[in-house]
$ cat input.cif   # mmCIF, C-alpha atoms
data_protein
loop_
_atom_site.label_atom_id
_atom_site.label_comp_id
_atom_site.auth_asym_id
_atom_site.auth_seq_id
_atom_site.Cartn_x
_atom_site.Cartn_y
_atom_site.Cartn_z
CA MET A 1 308.73 230.25 -59.59
CA PHE A 2 312.32 229.73 -58.47
CA GLY A 3 314.05 230.62 -61.74
CA GLY A 4 314.34 227.10 -63.21
CA GLY A 5 312.27 225.04 -65.63
CA GLY A 6 310.65 225.88 -68.94
CA PRO A 7 307.97 228.24 -70.14
CA SER A 8 305.19 226.30 -68.40
CA LEU A 9 306.57 227.29 -65.03
CA GLY A 10 306.54 231.00 -66.00
CA GLY A 11 302.87 230.83 -66.96
CA GLY A 12 302.00 229.17 -63.64
CA SER A 13 303.75 231.87 -61.66
CA ALA A 14 301.85 234.61 -63.47
CA ALA A 15 298.56 232.88 -62.71
CA GLY A 16 299.52 232.55 -59.07
CA LEU A 17 300.40 236.21 -58.85
CA GLY A 18 297.02 237.10 -60.39
CA VAL A 19 295.19 235.01 -57.83
CA ILE A 20 297.13 236.57 -55.02
CA ALA A 21 296.41 240.02 -56.38
CA VAL A 22 292.69 239.29 -56.66
CA VAL A 23 292.55 237.91 -53.14
CA GLY A 24 294.47 240.90 -51.81
CA ALA A 25 292.12 243.29 -53.63
CA VAL A 26 289.08 241.52 -52.15
CA VAL A 27 290.56 241.65 -48.65
CA TRP A 28 291.50 245.31 -49.13
CA GLY A 29 288.01 246.16 -50.35
CA ILE A 30 286.23 244.29 -47.54
CA SER A 31 288.43 245.85 -44.88
CA GLY A 32 287.40 249.30 -46.07
CA PHE A 33 283.81 248.99 -44.75
CA TYR A 34 283.09 250.70 -41.43
CA THR A 35 280.07 251.91 -39.44
CA ILE A 36 279.43 255.34 -37.87
CA GLY A 37 277.08 255.50 -34.87
CA GLU A 38 273.85 257.47 -34.76
CA ALA A 39 275.27 260.18 -32.49
CA GLU A 40 278.62 260.36 -34.28
CA ARG A 41 280.09 262.01 -37.34
CA GLY A 42 283.10 260.74 -39.29
CA VAL A 43 285.94 263.08 -40.30
CA ILE A 44 287.59 261.73 -43.46
CA LEU A 45 291.28 262.53 -44.09
CA ARG A 46 292.80 261.69 -47.46
CA PHE A 47 296.58 261.45 -47.28
CA GLY A 48 296.38 263.46 -44.03
CA GLU A 49 294.26 266.28 -45.44
CA PHE A 50 290.62 266.91 -44.56
CA GLU A 51 288.27 265.54 -47.21
CA ARG A 52 284.67 265.49 -45.91
CA ILE A 53 282.28 264.76 -43.02
CA GLU A 54 280.70 261.30 -43.17
CA GLN A 55 277.15 260.77 -41.89
CA PRO A 56 275.98 257.89 -39.64
CA GLY A 57 275.53 254.44 -41.19
CA LEU A 58 277.57 251.87 -43.15
CA ASN A 59 280.33 253.49 -45.19
CA TRP A 60 283.44 252.49 -47.14
CA LYS A 61 286.90 254.00 -47.42
CA PRO A 62 289.98 253.03 -49.33
CA ASN A 63 292.47 251.75 -46.79
CA PHE A 64 295.93 253.33 -46.73
CA ILE A 65 294.43 256.31 -48.57
CA ASP A 66 291.66 257.62 -46.31
CA ASP A 67 291.62 257.77 -42.55
CA VAL A 68 288.44 258.16 -40.42
CA GLN A 69 288.10 259.75 -36.99
CA THR A 70 284.66 259.64 -35.34
CA VAL A 71 283.37 262.40 -33.05
CA ASN A 72 280.25 262.26 -30.86
CA VAL A 73 278.29 265.43 -31.63
CA GLU A 74 275.23 264.78 -29.41
CA ALA A 75 276.81 263.97 -26.04
CA ILE A 76 276.62 266.79 -23.47
CA ARG A 77 279.98 267.31 -21.82
CA SER A 78 280.64 269.09 -18.55
CA LEU A 79 283.43 271.39 -17.46
CA ARG A 80 283.94 272.83 -13.98
CA ALA A 81 285.70 276.11 -13.28
CA SER A 82 286.50 277.52 -9.83
CA GLY A 83 288.95 279.70 -8.00
CA LEU A 84 289.54 282.81 -5.91
CA MET A 85 288.79 285.95 -7.91
CA LEU A 86 289.01 289.69 -7.32
CA THR A 87 285.81 291.73 -7.56
CA LYS A 88 285.30 295.30 -8.75
CA ASP A 89 285.15 296.63 -5.18
CA GLU A 90 288.51 294.90 -4.39
CA ASN A 91 287.04 291.97 -2.46
CA VAL A 92 288.08 288.35 -2.85
CA VAL A 93 285.40 285.76 -3.55
CA ARG A 94 285.55 282.07 -4.37
CA VAL A 95 283.36 281.15 -7.35
CA GLU A 96 282.42 277.74 -8.72
CA MET A 97 280.77 277.35 -12.12
CA ASP A 98 279.75 274.39 -14.29
CA VAL A 99 279.73 274.67 -18.11
CA GLN A 100 277.81 272.20 -20.28
CA TYR A 101 278.75 272.01 -23.96
CA ARG A 102 278.80 269.75 -27.04
CA VAL A 103 280.68 269.47 -30.33
CA ALA A 104 279.08 271.55 -33.08
CA ASP A 105 281.72 271.23 -35.85
CA PRO A 106 283.83 268.01 -35.80
CA GLU A 107 286.46 269.37 -38.20
CA LYS A 108 287.17 272.48 -36.11
CA TYR A 109 286.98 270.47 -32.90
CA LEU A 110 289.76 268.14 -34.09
CA TYR A 111 292.03 270.42 -36.11
CA ALA A 112 291.35 274.14 -35.38
CA VAL A 113 293.06 274.04 -31.96
CA THR A 114 295.42 271.62 -30.33
CA ASN A 115 293.01 270.50 -27.61
CA ALA A 116 289.50 271.97 -27.79
CA ASP A 117 288.45 270.76 -24.33
CA ASP A 118 291.50 272.27 -22.63
CA SER A 119 291.09 275.46 -24.66
CA LEU A 120 287.48 275.72 -23.48
CA ARG A 121 288.66 275.31 -19.89
CA GLN A 122 291.05 278.21 -20.25
CA ALA A 123 288.41 280.31 -22.04
CA THR A 124 285.90 279.64 -19.24
CA ASP A 125 288.38 280.69 -16.56
CA SER A 126 289.25 283.85 -18.50
CA ALA A 127 285.59 284.77 -19.12
CA LEU A 128 284.61 284.13 -15.51
CA ARG A 129 287.41 286.27 -14.13
CA ALA A 130 286.51 289.09 -16.52
CA VAL A 131 282.84 289.03 -15.47
CA ILE A 132 283.59 288.75 -11.74
CA GLY A 133 286.13 291.58 -11.98
CA ASP A 134 283.41 293.84 -13.39
CA ALA A 135 280.87 293.15 -10.59
CA VAL A 136 280.74 294.09 -6.91
CA MET A 137 280.75 291.44 -4.22
CA ASP A 138 277.22 292.14 -2.98
CA GLU A 139 275.78 291.44 -6.45
CA ILE A 140 277.82 288.27 -6.80
CA LEU A 141 276.56 286.87 -3.50
CA THR A 142 272.93 287.98 -3.73
CA THR A 143 270.88 289.49 -6.55
CA GLY A 144 273.38 289.52 -9.44
CA ARG A 145 273.94 285.78 -9.81
CA GLN A 146 271.64 285.40 -12.83
CA VAL A 147 273.20 288.37 -14.59
CA ILE A 148 276.72 287.02 -13.99
CA ARG A 149 275.70 283.61 -15.35
CA GLU A 150 274.31 285.13 -18.56
CA ARG A 151 277.29 287.43 -19.07
CA THR A 152 279.71 284.53 -18.55
CA GLN A 153 277.92 282.41 -21.15
CA VAL A 154 278.04 285.27 -23.68
CA GLU A 155 281.75 285.82 -23.06
CA ILE A 156 282.58 282.10 -23.44
CA ASN A 157 280.70 281.93 -26.76
CA ARG A 158 282.59 285.00 -27.97
CA ILE A 159 285.96 283.34 -27.22
CA ILE A 160 284.83 280.07 -28.87
CA ASP A 161 283.83 281.89 -32.03
CA ARG A 162 287.08 283.86 -32.13
CA TYR A 163 289.27 280.74 -31.96
CA GLY A 164 286.95 278.47 -33.99
CA MET A 165 286.91 275.62 -31.48
CA GLY A 166 283.88 273.93 -33.04
CA LEU A 167 282.05 273.82 -29.66
CA GLN A 168 278.65 275.07 -28.55
CA VAL A 169 277.87 276.04 -24.95
CA VAL A 170 274.51 274.58 -23.91
CA ASP A 171 274.22 275.99 -20.39
CA VAL A 172 276.24 277.71 -17.67
CA ASN A 173 275.38 276.98 -14.03
CA PHE A 174 276.58 279.43 -11.39
CA GLN A 175 276.83 277.02 -8.48
CA THR A 176 278.39 278.76 -5.47
CA ALA A 177 279.97 282.05 -4.55
CA ARG A 178 281.46 282.35 -1.08
CA PRO A 179 283.24 285.23 0.63
CA PRO A 180 286.45 284.71 2.58
CA GLU A 181 286.07 282.94 5.90
CA GLN A 182 286.99 286.10 7.85
CA VAL A 183 283.85 287.93 6.72
CA LYS A 184 281.59 284.97 5.98
CA ASP A 185 279.35 285.48 9.04
CA ALA A 186 278.66 289.13 8.22
CA PHE A 187 277.74 288.29 4.63
CA ASP A 188 275.49 285.46 5.83
CA ASP A 189 273.63 287.93 8.05
CA ALA A 190 273.23 290.34 5.13
CA ILE A 191 271.86 287.58 2.91
CA ALA A 192 269.43 286.45 5.64
CA ALA A 193 268.20 290.03 6.11
CA ARG A 194 267.58 290.39 2.38
CA GLU A 195 265.69 287.09 2.29
CA ASP A 196 263.55 288.27 5.22
CA GLU A 197 262.82 291.48 3.34
CA GLU A 198 261.68 289.57 0.27
CA ARG A 199 259.55 287.27 2.45
CA PHE A 200 257.86 290.22 4.17
CA ILE A 201 257.17 291.81 0.79
CA ARG A 202 255.55 288.61 -0.46
CA GLU A 203 253.43 288.33 2.70
CA ALA A 204 252.31 291.95 2.34
CA GLU A 205 251.39 291.38 -1.29
CA ALA A 206 249.42 288.27 -0.34
CA TYR A 207 247.56 290.24 2.37
CA ARG A 208 246.84 293.02 -0.12
CA ASN A 209 245.56 290.53 -2.67
CA ASP A 210 243.26 289.09 0.00
CA ILE A 211 241.91 292.35 1.41
CA LEU A 212 241.62 294.47 -1.72
CA PRO A 213 239.04 292.29 -3.54
CA LYS A 214 236.91 292.11 -0.38
CA ALA A 215 237.04 295.89 0.11
CA THR A 216 236.23 296.45 -3.56
CA GLY A 217 233.28 294.10 -3.36
CA ARG A 218 232.02 295.74 -0.17
CA ALA A 219 232.30 299.19 -1.77
CA GLU A 220 230.37 298.03 -4.83
CA ARG A 221 227.68 296.53 -2.60
CA LEU A 222 227.32 299.76 -0.62
CA LYS A 223 227.10 301.75 -3.86
CA LYS A 224 224.34 299.49 -5.16
CA GLU A 225 222.48 299.68 -1.84
CA ALA A 226 222.77 303.48 -1.87
CA LEU A 227 221.47 303.62 -5.43
CA GLY A 228 218.60 301.34 -4.50
CA TYR A 229 217.74 303.45 -1.45
CA LYS A 230 217.93 306.58 -3.61
CA GLU A 231 215.55 305.16 -6.20
CA LYS A 232 213.17 303.92 -3.50
CA THR A 233 213.10 307.30 -1.72
CA VAL A 234 212.66 309.24 -4.95
CA ASN A 235 209.86 306.95 -6.09
CA GLU A 236 208.10 307.23 -2.73
CA ALA A 237 208.39 311.01 -2.83
CA LEU A 238 207.05 311.11 -6.37
CA GLY A 239 204.16 308.89 -5.29
CA GLU A 240 203.33 311.16 -2.37
CA VAL A 241 203.49 314.19 -4.64
CA ALA A 242 201.12 312.53 -7.10
CA GLN A 243 198.81 311.60 -4.24
CA PHE A 244 198.69 315.17 -2.91
CA GLU A 245 198.17 316.50 -6.42
CA LYS A 246 195.11 314.26 -6.74
CA LEU A 247 193.93 315.27 -3.26
CA LEU A 248 194.24 319.01 -3.83
CA PRO A 249 191.14 319.41 -6.04
CA GLU A 250 189.03 317.48 -3.53
CA TYR A 251 190.30 319.61 -0.66
CA GLN A 252 189.61 322.80 -2.59
CA ALA A 253 186.06 321.61 -3.32
CA ALA A 254 185.21 320.49 0.29
CA PRO A 255 187.88 321.46 2.81
CA GLU A 256 186.04 320.36 5.98
CA VAL A 257 184.96 317.00 4.62
CA THR A 258 188.40 316.25 3.23
CA ARG A 259 190.07 317.32 6.48
CA SER A 260 187.77 315.06 8.51
CA ARG A 261 188.35 312.10 6.18
CA LEU A 262 192.12 312.55 6.37
CA TYR A 263 191.92 312.72 10.14
CA LEU A 264 189.86 309.54 10.35
CA GLU A 265 192.14 307.68 7.97
CA THR A 266 195.17 308.81 9.96
CA MET A 267 193.64 307.71 13.26
CA GLU A 268 192.63 304.41 11.71
CA SER A 269 196.22 303.74 10.69
CA VAL A 270 197.50 304.83 14.11
CA PHE A 271 195.10 302.66 16.15
CA GLU A 272 195.23 299.71 13.74
CA ASN A 273 197.60 297.70 15.95
CA THR A 274 196.42 299.13 19.29
CA SER A 275 194.41 296.91 21.67
CA LYS A 276 193.43 299.62 24.22
CA VAL A 277 192.00 303.06 23.51
CA LEU A 278 191.37 305.92 25.99
CA ILE A 279 188.90 308.57 24.79
CA ASP A 280 188.40 311.93 26.53
CA SER A 281 184.59 312.23 26.31
CA SER A 282 184.26 315.42 28.39
CA SER A 283 185.36 318.88 27.64
CA GLY A 284 186.42 319.89 31.14
CA GLY A 285 186.05 316.91 33.46
CA GLY A 286 188.59 314.32 34.48
CA ASN A 287 186.69 311.20 33.41
CA LEU A 288 187.98 309.03 30.50
CA LEU A 289 186.14 306.47 28.43
CA TYR A 290 188.22 303.26 28.45
CA LEU A 291 187.68 300.82 25.58
CA PRO A 292 189.46 297.43 25.97
CA LEU A 293 189.39 296.47 22.30
CA ASP A 294 191.36 293.26 22.85
CA LYS A 295 188.65 291.89 25.13
CA LEU A 296 186.00 293.13 22.75
CA MET A 297 187.57 291.22 19.86
CA ASN A 298 187.95 288.05 21.94
CA GLN A 299 184.44 288.17 23.44
CA ARG A 300 182.42 285.06 22.81
CA PRO A 301 179.12 285.28 20.90
CA GLN A 302 177.07 284.03 23.84
CA GLN A 303 178.19 286.93 26.01
CA SER A 304 176.97 289.42 23.40
CA SER A 305 173.52 287.74 23.34
CA SER A 306 172.94 287.85 27.13
CA ALA A 307 170.51 290.44 28.58
CA PRO A 308 172.03 293.56 30.08
CA THR A 309 172.01 293.96 33.85
CA ASN A 310 171.35 297.06 35.87
CA GLN A 311 175.04 297.95 35.71
CA GLN A 312 175.39 297.45 31.90
CA ASN A 313 173.90 299.37 29.00
CA SER A 314 172.50 297.90 25.80
CA TYR A 315 176.03 297.69 24.28
CA GLY A 316 177.47 295.60 27.13
CA ILE A 317 179.50 298.47 28.53
CA GLU A 318 180.08 298.35 32.26
CA LEU A 319 179.88 301.80 33.74
CA GLU A 320 182.33 302.79 36.41
CA GLN A 321 182.40 306.14 38.11
CA SER A 322 185.70 307.88 38.35
CA GLN A 323 186.96 308.68 41.83
CA ASN A 324 188.02 312.11 40.66
CA ASP A 325 184.47 313.07 39.59
CA PRO A 326 182.99 315.75 41.89
CA GLN A 327 179.60 314.05 41.54
CA SER A 328 180.85 310.73 42.91
CA GLN A 329 178.64 311.24 46.02
CA SER A 330 175.49 310.89 43.96
CA GLY A 331 176.77 307.66 42.31
CA ARG A 332 176.22 308.95 38.75
CA SER A 333 178.30 310.84 36.25
CA ASN A 334 177.87 312.11 32.76
CA SER A 335 181.39 311.00 31.88
CA ARG A 336 181.68 307.24 32.28
CA GLN A 337 184.41 304.68 31.70
CA GLY A 338 183.34 301.63 29.71
CA ARG A 339 184.90 298.19 29.88
CA TYR A 340 183.88 295.01 28.15
#
$ encode --input "input.cif" --output "structure tokens"
Amino acid sequence: MFGGGGPSLGGGSAAGLGVIAVVGAVVWGISGFYTIGEAERGVILRFGEFERIEQPGLNWKPNFIDDVQTVNVEAIRSLRASGLMLTKDENVVRVEMDVQYRVADPEKYLYAVTNADDSLRQATDSALRAVIGDAVMDEILTTGRQVIRERTQVEINRIIDRYGMGLQVVDVNFQTARPPEQVKDAFDDAIAAREDEERFIREAEAYRNDILPKATGRAERLKKEALGYKEKTVNEALGEVAQFEKLLPEYQAAPEVTRSRLYLETMESVFENTSKVLIDSSSGGGNLLYLPLDKLMNQRPQQSSSAPTNQQNSYGIELEQSQNDPQSQSGRSNSRQGRY
């Protein structure tokens, strides 16, 4: 090993070198194993040049030949952008926006630009100023916030695609937009008035939604009641017409008899619920025949079986002479008033 000795020493040195080489190869091979996390991707460089993208799990690389850089492709990163910006109507407004993004292409993220995160920051500021400069201040502070957020996200994605940053914008949150302090109170009043307008509109719509169904239901009910009344009236009229059509032949055959029967039936229906009846029994006198039907109906059976007195007739009618009768002096009258 040290240049002296015979051939046996040379053979021993060769064996020692072989052992050392084997051990070094084993150590070199073992040291080449590495692990990539579940949310990561490995970028393999061979002699400084991109080779491939390695997937998660246990992998091996030849040391001193390949180099591995891991990139988390599932983590959501956040970037804030803010500043004073000039609007389309030449007003100054302070805008704050939050951009959420992740790595979509590890190779482009590492090697397409010098610093992808800083490049995205500059792209966000440029896109936001371009969108704000194309909008008026009233839209930025009130109704146009959603539109500005969407337009800013589209503009950022356009810049990312142009420069190949390997990033993907997940969401853009338009946080605050404030006017200068000198005019802040006036803009606050304008915003409050617009909110009151929207609130009044919602209250009016709620009142309409409450009243309209009730009015519609009431109208439908009235229509149905009118149709029912119409059908009832028409049916009653048709019934009366049919009744008179049946009555006409009888009246033509015996007018007097039919007229008398109709009169009696009519009077029966009129006096059906009447308890007292006054009948004019004379043609020219002033005496009336008074029939108390309520007392007649409530009279007990024993009163009807009692013998009539001198002042009662055989029907139990008490005769009273009217004071207006010219024959009241004689105590008798042809027209008498009966009472049970």
$ closest_residue --input "input.cif" --among "A:Ile148, A:Val270, A:Val113, A:Val68" --to "A:Arg52" --atoms "all atoms listed in the file"
A:Val68
$ residues_around --input "input.cif" --residues "A:Pro106" --least-positions-apart "6" --cutoff "12 Å" --atoms "only C-alpha atoms" --output "PyMOL selection string"
chain A and resi 40-44+50+52-55+68-74+112-113+116+164-168
$ write_last_selection --input "input.cif" --atoms "C-alpha atoms" --output "PDB file, in the frame of the given file"
ATOM      1  CA  GLU A  40     278.620 260.360 -34.280  1.00  0.00           C
ATOM      2  CA  ARG A  41     280.090 262.010 -37.340  1.00  0.00           C
ATOM      3  CA  GLY A  42     283.100 260.740 -39.290  1.00  0.00           C
ATOM      4  CA  VAL A  43     285.940 263.080 -40.300  1.00  0.00           C
ATOM      5  CA  ILE A  44     287.590 261.730 -43.460  1.00  0.00           C
ATOM      6  CA  PHE A  50     290.620 266.910 -44.560  1.00  0.00           C
ATOM      7  CA  ARG A  52     284.670 265.490 -45.910  1.00  0.00           C
ATOM      8  CA  ILE A  53     282.280 264.760 -43.020  1.00  0.00           C
ATOM      9  CA  GLU A  54     280.700 261.300 -43.170  1.00  0.00           C
ATOM     10  CA  GLN A  55     277.150 260.770 -41.890  1.00  0.00           C
ATOM     11  CA  VAL A  68     288.440 258.160 -40.420  1.00  0.00           C
ATOM     12  CA  GLN A  69     288.100 259.750 -36.990  1.00  0.00           C
ATOM     13  CA  THR A  70     284.660 259.640 -35.340  1.00  0.00           C
ATOM     14  CA  VAL A  71     283.370 262.400 -33.050  1.00  0.00           C
ATOM     15  CA  ASN A  72     280.250 262.260 -30.860  1.00  0.00           C
ATOM     16  CA  VAL A  73     278.290 265.430 -31.630  1.00  0.00           C
ATOM     17  CA  GLU A  74     275.230 264.780 -29.410  1.00  0.00           C
ATOM     18  CA  ALA A 112     291.350 274.140 -35.380  1.00  0.00           C
ATOM     19  CA  VAL A 113     293.060 274.040 -31.960  1.00  0.00           C
ATOM     20  CA  ALA A 116     289.500 271.970 -27.790  1.00  0.00           C
ATOM     21  CA  GLY A 164     286.950 278.470 -33.990  1.00  0.00           C
ATOM     22  CA  MET A 165     286.910 275.620 -31.480  1.00  0.00           C
ATOM     23  CA  GLY A 166     283.880 273.930 -33.040  1.00  0.00           C
ATOM     24  CA  LEU A 167     282.050 273.820 -29.660  1.00  0.00           C
ATOM     25  CA  GLN A 168     278.650 275.070 -28.550  1.00  0.00           C
TER      26      GLN A 168
END
$ residues_around --input "input.cif" --residues "A:Phe174" --least-positions-apart "4" --cutoff "10 Å" --atoms "all atoms listed in the file" --output "JSON, numbers by chain"
{"A": [81, 95, 96, 97, 98, 99, 145, 146, 148, 149, 150, 152]}
$ resolve_selection --input "input.cif" --expression "the PyMOL selection byres ((chain A and resi 57) around 7)" --output "PyMOL selection string"
chain A and resi 35-37+55-56+58-59
$ write_last_selection --input "input.cif" --atoms "C-alpha atoms" --output "compact mmCIF listing (two decimals), keeping the file's coordinate frame"
# COMPACT_ATOMS: atom_id res chain seq x y z
CA THR A 35 280.07 251.91 -39.44
CA ILE A 36 279.43 255.34 -37.87
CA GLY A 37 277.08 255.50 -34.87
CA GLN A 55 277.15 260.77 -41.89
CA PRO A 56 275.98 257.89 -39.64
CA LEU A 58 277.57 251.87 -43.15
CA ASN A 59 280.33 253.49 -45.19
$ closest_residue --input "input.cif" --among "A:Ala186, A:Ile191, A:Ile76, A:Ile211" --to "A:Val170" --atoms "all atoms listed in the file"
A:Ile76
